[in-house]
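K.L.:
CSV, C-alpha atoms, file upload31.csv:
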chain,number,residue,atom,x,y,z
A,175,ILE,CA,-14.2,29.3,160.9
A,176,ALA,CA,-15.2,25.7,159.9
A,177,SER,CA,-17.0,27.0,156.8
A,178,ALA,CA,-14.6,29.8,155.9
A,179,ASP,CA,-12.2,29.5,152.9
A,180,ALA,CA,-9.6,32.1,154.0
A,181,ILE,CA,-8.4,34.5,156.7
A,182,VAL,CA,-6.5,37.7,156.2
A,183,GLU,CA,-4.2,39.0,159.0
A,184,ASP,CA,-2.8,42.5,158.7
A,185,HIS,CA,-1.8,43.3,162.3
A,186,GLY,CA,1.9,42.4,162.1
A,187,PRO,CA,3.6,39.2,163.2
A,188,GLY,CA,2.2,37.4,166.2
A,189,GLY,CA,-1.3,38.9,166.0
A,190,LEU,CA,-3.0,35.5,165.4
A,191,GLU,CA,-0.9,33.8,168.1
A,192,ALA,CA,-1.7,36.6,170.6
A,193,ALA,CA,-5.4,35.9,170.0
A,194,GLY,CA,-4.9,32.2,170.5
A,195,LEU,CA,-5.4,31.6,166.8
A,196,SER,CA,-2.1,30.4,165.4
A,197,PRO,CA,-2.1,28.7,162.0
A,198,GLU,CA,-1.8,25.4,163.7
A,199,THR,CA,-4.8,26.0,165.9
A,200,LEU,CA,-6.9,27.3,162.9
A,201,HIS,CA,-6.0,24.3,160.8
A,202,ARG,CA,-7.1,22.0,163.6
A,203,MET,CA,-10.5,23.7,163.3
A,204,SER,CA,-10.5,23.6,159.5
A,205,GLN,CA,-7.8,21.8,157.5
A,206,ARG,CA,-8.9,23.6,154.3
A,207,LEU,CA,-8.4,27.1,155.6
A,208,ALA,CA,-6.0,29.4,153.7
A,209,LEU,CA,-4.3,32.2,155.6
A,210,LEU,CA,-2.7,35.4,154.3
A,211,ARG,CA,-0.4,37.0,156.8
A,212,ILE,CA,0.8,40.5,156.0
A,213,SER,CA,3.5,42.2,158.0
A,214,PRO,CA,6.4,44.7,157.6
A,215,PHE,CA,9.2,42.1,157.6
A,216,GLY,CA,7.6,38.7,157.3
A,217,GLN,CA,6.8,36.1,160.0
A,218,THR,CA,10.4,34.8,160.4
A,219,GLY,CA,13.9,36.3,160.5
A,220,PRO,CA,15.7,38.7,162.8
A,221,LEU,CA,13.3,41.6,162.0
A,222,ALA,CA,10.0,39.6,162.1
A,223,GLY,CA,8.8,41.3,165.3
A,224,GLU,CA,9.7,44.9,164.3
A,225,PRO,CA,6.9,47.4,163.4
A,226,GLY,CA,6.9,49.2,160.1
A,227,ASP,CA,4.8,50.7,157.4
A,228,ASP,CA,5.0,51.6,153.7
A,229,ARG,CA,7.7,54.3,154.2
A,230,ILE,CA,9.8,51.9,156.3
A,231,ALA,CA,9.4,49.2,153.6
A,232,GLN,CA,10.5,51.6,150.9
A,233,ALA,CA,13.6,52.4,152.8
A,234,PHE,CA,14.5,48.9,153.8
A,235,CYS,CA,14.1,47.4,150.3
A,236,GLY,CA,16.2,50.0,148.7
A,237,MET,CA,13.5,51.7,146.7
A,238,GLN,CA,13.9,55.0,148.5
A,239,PHE,CA,17.7,54.9,148.2
A,240,GLN,CA,17.5,55.1,144.4
A,241,THR,CA,14.7,57.7,144.3
A,242,GLY,CA,15.6,61.4,144.0
A,243,PHE,CA,18.7,63.3,142.9
A,244,PRO,CA,22.3,62.2,143.5
A,245,ASP,CA,23.3,65.4,145.3
A,246,ARG,CA,20.3,65.2,147.7
A,247,ALA,CA,19.0,62.8,150.3
A,248,PRO,CA,16.9,59.8,149.2
A,249,ILE,CA,13.1,60.5,149.1
A,250,PRO,CA,10.2,58.1,149.4
A,251,VAL,CA,7.7,57.6,146.6
A,252,SER,CA,4.7,59.7,147.6
A,253,VAL,CA,2.1,57.0,147.0
A,254,PRO,CA,2.0,53.9,149.2
A,255,LEU,CA,3.4,51.5,146.7
A,256,ALA,CA,4.5,48.8,149.1
A,257,ASP,CA,1.2,48.8,151.0
A,258,THR,CA,-0.9,48.7,147.8
A,259,TRP,CA,1.0,46.1,145.9
A,260,THR,CA,1.4,43.9,149.0
A,261,ALA,CA,-2.4,43.8,149.0
A,262,VAL,CA,-2.5,43.0,145.3
A,263,LEU,CA,0.2,40.3,145.4
A,264,GLY,CA,-1.2,38.9,148.6
A,265,ALA,CA,-4.7,38.6,147.2
A,266,GLY,CA,-3.3,36.7,144.2
A,267,ALA,CA,-1.3,34.4,146.4
A,268,LEU,CA,-4.3,33.8,148.6
A,269,GLN,CA,-6.4,32.8,145.6
A,270,MET,CA,-3.8,30.2,144.7
A,271,ALA,CA,-3.8,28.9,148.3
A,272,ILE,CA,-7.6,28.6,148.2
A,273,PHE,CA,-7.5,26.7,144.9
A,274,HIS,CA,-4.8,24.4,146.4
A,275,ALA,CA,-7.0,23.8,149.5
A,276,ARG,CA,-10.1,23.0,147.4
A,277,ARG,CA,-8.2,20.4,145.4
A,278,SER,CA,-6.0,18.9,148.1
A,279,GLY,CA,-8.1,19.5,151.3
A,280,HIS,CA,-5.1,21.1,152.9
A,281,GLY,CA,-4.8,24.8,153.7
A,282,GLN,CA,-1.6,26.9,153.3
A,283,VAL,CA,-0.1,30.0,154.9
A,284,VAL,CA,0.9,32.9,152.7
A,285,ASP,CA,3.5,35.0,154.4
A,286,ILE,CA,4.3,38.3,152.7
A,287,GLY,CA,6.3,41.3,154.0
A,288,LEU,CA,5.9,44.8,152.8
A,289,TYR,CA,9.6,45.1,152.1
A,290,GLN,CA,9.4,42.0,149.9
A,291,THR,CA,6.9,43.6,147.6
A,292,GLY,CA,9.1,46.7,147.3
A,293,LEU,CA,12.0,44.5,146.4
A,294,ARG,CA,10.0,42.6,143.8
A,295,MET,CA,8.9,45.7,142.1
A,296,GLN,CA,12.4,46.8,141.4
A,297,GLU,CA,13.1,43.9,139.0
A,298,GLU,CA,15.9,45.1,136.8
A,299,VAL,CA,17.8,46.7,139.7
A,300,VAL,CA,17.8,43.4,141.6
A,301,ILE,CA,18.9,41.4,138.6
A,302,ARG,CA,21.6,43.8,137.7
A,303,HIS,CA,23.0,43.7,141.2
A,304,ALA,CA,22.9,39.9,141.3
A,305,THR,CA,24.7,39.6,138.0
A,306,THR,CA,27.2,42.5,138.1
A,307,GLY,CA,27.3,43.8,141.7
A,308,ALA,CA,26.2,47.2,140.6
A,309,VAL,CA,24.3,49.3,143.2
A,310,ALA,CA,21.6,51.5,141.7
A,311,GLY,CA,22.0,55.2,142.5
A,312,ARG,CA,19.8,58.2,142.3
A,313,MET,CA,19.4,59.6,138.8
A,314,GLY,CA,16.7,62.3,139.4
A,315,THR,CA,14.1,62.1,136.6
A,316,GLU,CA,16.2,60.1,134.2
A,317,SER,CA,15.9,56.4,133.6
A,318,PRO,CA,18.8,53.9,134.1
A,319,THR,CA,17.7,51.8,131.1
A,320,VAL,CA,16.1,54.1,128.6
A,321,VAL,CA,17.6,57.1,126.9
A,322,PRO,CA,16.1,59.6,126.3
A,323,ALA,CA,13.6,59.4,129.1
A,324,ASN,CA,13.2,62.4,131.3
A,325,VAL,CA,11.0,65.3,132.5
A,326,TYR,CA,11.8,68.3,130.3
A,327,PRO,CA,11.1,72.0,131.1
A,328,THR,CA,9.1,74.0,128.5
A,329,ARG,CA,9.7,77.6,127.5
A,330,ASP,CA,6.8,78.8,129.7
A,331,GLY,CA,7.7,77.0,132.9
A,332,GLY,CA,5.8,73.7,132.3
A,333,PHE,CA,7.1,70.2,132.1
A,334,ILE,CA,6.8,67.4,129.6
A,335,ALA,CA,7.5,63.7,130.3
A,336,LEU,CA,8.9,62.0,127.2
A,337,SER,CA,10.4,58.5,126.6
A,338,GLY,CA,12.0,57.0,123.6
A,339,ALA,CA,12.0,53.4,124.8
A,340,GLY,CA,13.3,51.3,121.9
A,341,ASP,CA,14.7,52.1,118.5
A,342,GLN,CA,11.4,52.6,116.7
A,343,PRO,CA,9.8,54.7,119.4
A,344,PHE,CA,13.0,56.8,119.5
A,345,ALA,CA,12.8,57.3,115.7
A,346,ARG,CA,9.2,58.4,116.0
A,347,LEU,CA,10.2,60.8,118.8
A,348,CYS,CA,12.9,62.3,116.6
A,349,GLU,CA,10.3,62.9,113.9
A,350,ALA,CA,8.1,64.7,116.4
A,351,ILE,CA,10.9,66.9,117.6
A,352,GLU,CA,12.0,67.8,114.1
A,353,ALA,CA,15.2,65.8,114.2
A,354,PRO,CA,14.4,63.0,111.7
A,355,ASP,CA,18.1,62.3,110.9
A,356,ALA,CA,19.1,61.8,114.5
A,357,PRO,CA,18.7,58.0,114.5
A,358,LYS,CA,21.3,57.8,111.7
A,359,ASP,CA,23.9,59.3,114.1
A,360,PRO,CA,26.1,56.5,115.5
A,361,ARG,CA,25.6,57.9,118.9
A,362,PHE,CA,21.9,57.5,118.8
A,363,ALA,CA,21.4,54.6,116.3
A,364,ALA,CA,20.7,51.9,119.0
A,365,SER,CA,19.6,51.7,122.6
A,366,ALA,CA,23.1,50.7,123.8
A,367,ALA,CA,24.7,53.6,122.0
A,368,ARG,CA,22.2,56.1,123.5
A,369,LEU,CA,23.0,54.8,126.9
A,370,GLN,CA,26.7,55.5,126.2
A,371,ASN,CA,25.9,59.0,125.0
A,372,ARG,CA,23.2,59.8,127.5
A,373,ALA,CA,23.9,63.5,127.8
A,374,ALA,CA,23.8,64.1,124.1
A,375,ALA,CA,20.7,62.1,123.5
A,376,ASP,CA,18.9,63.8,126.4
A,377,GLN,CA,19.9,67.3,125.2
A,378,LEU,CA,18.5,66.5,121.8
A,379,VAL,CA,15.1,66.3,123.3
A,380,ALA,CA,15.6,69.0,126.0
A,381,ALA,CA,16.6,71.6,123.5
A,382,TRP,CA,13.5,71.1,121.4
A,383,VAL,CA,11.1,71.1,124.4
A,384,ALA,CA,12.8,74.2,125.8
A,385,ARG,CA,11.8,76.2,122.6
A,386,HIS,CA,8.1,75.4,123.0
A,387,ASP,CA,5.3,76.2,125.3
A,388,LEU,CA,3.6,73.5,127.2
A,389,ALA,CA,0.5,73.5,125.0
Output the structure of this file as structure tokens.
P.N.:
Amino acid sequence: IASADAIVEDHGPGGLEAAGLSPETLHRMSQRLALLRISPFGQTGPLAGEPGDDRIAQAFCGMQFQTGFPDRAPIPVSVPLADTWTAVLGAGALQMAIFHARRSGHGQVVDIGLYQTGLRMQEEVVIRHATTGAVAGRMGTESPTVVPANVYPTRDGGFIALSGAGDQPFARLCEAIEAPDAPKDPRFAASAARLQNRAAADQLVAAWVARHDLA
């Protein structure tokens, strides 16, 4: 340990302490040691000692609540987003702690919970709630901020994902779906207008896709 730069713990809160290797003990052995501690709910707080995994983190942070269709139960994202991105964010934070230790001679403890990563990934949802109080709901395959953006069924039973994120991309999409004059329609002329006329903008794309085969 005396020559190590960092230690990564991924056994939940209290793992190091149970082994007699609390951060305080480790720093007495090496003041420069940087520690990354990964757990479901972080090292402190009322849920710190509770077990959990990626699916639990998705539920607790609200990610699962807003995934799926409004008339059905929430569904988890099938890939382990919280697990994977906790590792990525934790590695970046650990690097910063190592740089700090090399410059200052003092190690730091990085404490990151799986649910915190899931919360961080939601970005606009969190900001919108903080500023307006709005709670994000399930919208199926639509986007809360971009219209049109959806998964559209084709004539032969396939699916196409399309997004017109921004006025210029929307104009190019309209060219592609043989509706070049659509951006001149006041309902579709700007992103805010398309959000207000979501169904009409979405149907503009859906109707064209439905007339074509997947290829």
K.L.:
So that I can check the surroundings of Ser196 (chain A), please list as an MDAnalysis selection string every protein, DNA and RNA residue that reaches within 12 Å of it, counting only C-alpha atoms and ignoring chain neighbours fewer than 2 positions away.
P.N.:
chainID A and resid 181 183 187:194 198:203 209 211 217 283
K.L.:
May I ask which of the residues A:Phe215, A:Trp382, A:Tyr326, A:Phe344 is the closest one to Thr260 (chain A), counting only C-alpha atoms?
P.N.:
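For Thr260 (chain A), the nearest of the candidates is A:Phe215.
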K.L.:
Please determine, counting all atoms listed in the file, which residue among A:Arg385, A:Ala367, A:Gly314, A:Asp359 has the shortest atom-to-atom distance to Gly340 (chain A).
P.N.:
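Closest to Gly340 (chain A) of all the choices is A:Ala367.
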K.L.:
As a list in words, please: the residues near Ser317 (chain A) (cut-off 10 Å, only C-alpha atoms, same-chain neighbours under 6 positions excluded).
P.N.:
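With the cut-off at 10 Å, the set is Ala323, Asn324, Ser337 and Leu369 of chain A.
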K.L.:
Name the closest residue to Ile334 (chain A) among the candidates A:Val379, A:Leu210, A:Ala353, A:Leu388; distances are taken between atoms, counting all atoms listed in the file.
P.N.:
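Of all the options, A:Leu388 lies closest to Ile334 (chain A).
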K.L.:
What's the 10 Å shell around Met295 (chain A), counting only C-alpha atoms, without same-chain residues fewer than 5 positions away, as a list in words?
P.N.:
Cys235, Met237, Leu255, Ala256, Trp259, Gln290 and Val300 of chain A
K.L.:
Could you save the residues just selected, with C-alpha atoms, as a PDB file, keeping the file's coordinate frame?
P.N.:
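Contents of the output file selection35.pdb:
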ATOM      1  CA  CYS A 235      14.100  47.400 150.300  1.00  0.00           C
ATOM      2  CA  MET A 237      13.500  51.700 146.700  1.00  0.00           C
ATOM      3  CA  LEU A 255       3.400  51.500 146.700  1.00  0.00           C
ATOM      4  CA  ALA A 256       4.500  48.800 149.100  1.00  0.00           C
ATOM      5  CA  TRP A 259       1.000  46.100 145.900  1.00  0.00           C
ATOM      6  CA  GLN A 290       9.400  42.000 149.900  1.00  0.00           C
ATOM      7  CA  VAL A 300      17.800  43.400 141.600  1.00  0.00           C
TER       8      VAL A 300
END
K.L.:
Could you name the residues that touch Ala380 (chain A) at 10 Å or less, counting only C-alpha atoms, but leaving out those on the same chain fewer than 6 positions away, as a list of chain:residue names?
P.N.:
A:Pro322, A:Asn324, A:Val325, A:Tyr326, A:Pro327, A:Thr328, A:Ile334, A:Leu336, A:Ile351, A:Ala374
